[in-house]
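**Student:** After the structure tokens below, expect a handful of questions from me.
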Amino acid sequence: MTRFHNRDSAARCGAVVLGALFVAWGFIQGCTGSDEASSSKAPAAATIEPVEGMKYYVGGPLMKFDKYGRMRLGGFNGEISTPTSRGLLLGFKKNADSTFDYRTWLNGAIITKSTGFLDSDGMLWYSERINYDANGDVTVRQKFQYDDQKKIMTSVLEHVDPKTGEVVKTTTQEIPYAPTDAEKQALEEDAENEADPAD
């Protein structure tokens, strides 16, 4: 049996197939091209403006025991000459009256801001601490008052709605300067676990 081929219909069929392939290729290139362009550009980190008198650190805080036996921030590691927008950055400024301004940033975005005073041993005692979300809005505000006669610290913790700025929850707590017996026991157990970790 002899089969006759229609050259015009074959050419039309080939053109349709090639056209469809070309459209599909263009669509795929458009999608992957935009993905490659967006993924190849890293988002720009915010520039941190230096604060006069503030020192900057990337090595982390140094925790020490104060004279009452509580762990407090007592210094910093890894001082750098200018603030960086990469990773975790700590900024600390000591004022002439022994008050301080302490801030932390993550990839250029502010995450905490604290004020307070230093005791005679150089330990940090907070007056106020503020936490921020990724948009730079306040989420938590904590204020501290100290009664040196009773040796009691009062903490007022406010949870803030970042959209409205309204306080949604407040918690007040009295904390003795010296750790309680239960806290001391927990510290001892932590020290033992660090010295002899379980397998």
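Residues are referred to by chain and number: the chain letter is A, B, ... according to the order shown in the structure tokens, the number counts from 1 in that chain, and ligands are numbered separately from 1 in the order shown.
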Using only C-alpha atoms, which residues sit within 7 Å of A:Ile110 once same-chain residues fewer than 5 positions away are excluded, as a list in words?
**Tutor:** Thr104, Trp105, Tyr132 and Gly136 of chain A
**Student:** Got time to write the residues from that selection, N, CA and C atoms, as an mmCIF file, in the first residue's frame?
**Tutor:**
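After the write, out-v5.cif holds the following:
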```
data_model
loop_
_atom_site.group_PDB
_atom_site.id
_atom_site.type_symbol
_atom_site.label_atom_id
_atom_site.label_comp_id
_atom_site.auth_asym_id
_atom_site.auth_seq_id
_atom_site.Cartn_x
_atom_site.Cartn_y
_atom_site.Cartn_z
ATOM 1 N N THR A 104 22.536 45.816 70.932
ATOM 2 C CA THR A 104 22.910 44.668 70.108
ATOM 3 C C THR A 104 22.188 44.769 68.765
ATOM 4 N N TRP A 105 22.918 44.380 67.717
ATOM 5 C CA TRP A 105 22.368 44.351 66.361
ATOM 6 C C TRP A 105 22.592 42.958 65.774
ATOM 7 N N TYR A 132 13.417 44.578 70.179
ATOM 8 C CA TYR A 132 12.785 44.974 68.924
ATOM 9 C C TYR A 132 12.584 43.757 68.037
ATOM 10 N N GLY A 136 12.046 46.554 63.533
ATOM 11 C CA GLY A 136 12.511 47.653 64.381
ATOM 12 C C GLY A 136 11.442 48.188 65.320
#
```
**Student:** With only C-alpha atoms as the atoms that count, which of A:Gln185, A:Thr180, A:Ser85, A:Asn135 lies nearest to A:Lys163?
**Tutor:**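 When distances to A:Lys163 are compared using only C-alpha atoms, the smallest one comes from A:Asn135.
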**Student:** Set the distance at 8 Å and use only C-alpha atoms: which residues neighbour A:Ser98 once local chain neighbours fewer than 5 positions away are removed? I'd like the list as a ChimeraX atom specification.
**Tutor:** /A:117-119
**Student:** Using only C-alpha atoms, which residue out of A:Ala182, A:Val167, A:Ile175, A:Ala191 lies closest to A:Thr154?
**Tutor:**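 Nearest candidate to A:Thr154 out of A:Ala182, A:Val167, A:Ile175, A:Ala191: A:Ile175.
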**Student:** Which one of A:Leu89, A:Leu187, A:Met123, A:Val51 sits closest to A:Ile111 if you count only C-alpha atoms?
**Tutor:**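 Among the listed residues, the smallest separation from A:Ile111 belongs to A:Leu89.
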**Student:** Please provide the set of residues having any atom within 12 Å of A:Arg72, restricted to only C-alpha atoms, with same-chain residues fewer than 4 positions apart removed, written as an NGL selection string.
**Tutor:** :A and (61-68 or 76 or 118-119 or 121-126 or 177-178)
**Student:** Can you list, as a tab-separated table (two decimals) with C-alpha atoms, in the first residue's frame, every protein, DNA or RNA residue that comes within 9 Å of A:Gly78 when you count only C-alpha atoms, leaving out same-chain residues fewer than 4 positions away?
**Tutor:**
```
chain	number	residue	atom	x	y	z
A	56	TYR	CA	31.93	47.75	69.30
A	57	TYR	CA	32.46	44.03	69.81
A	58	VAL	CA	31.87	40.86	67.79
A	59	GLY	CA	33.20	38.26	70.25
A	60	GLY	CA	30.27	38.22	72.63
```
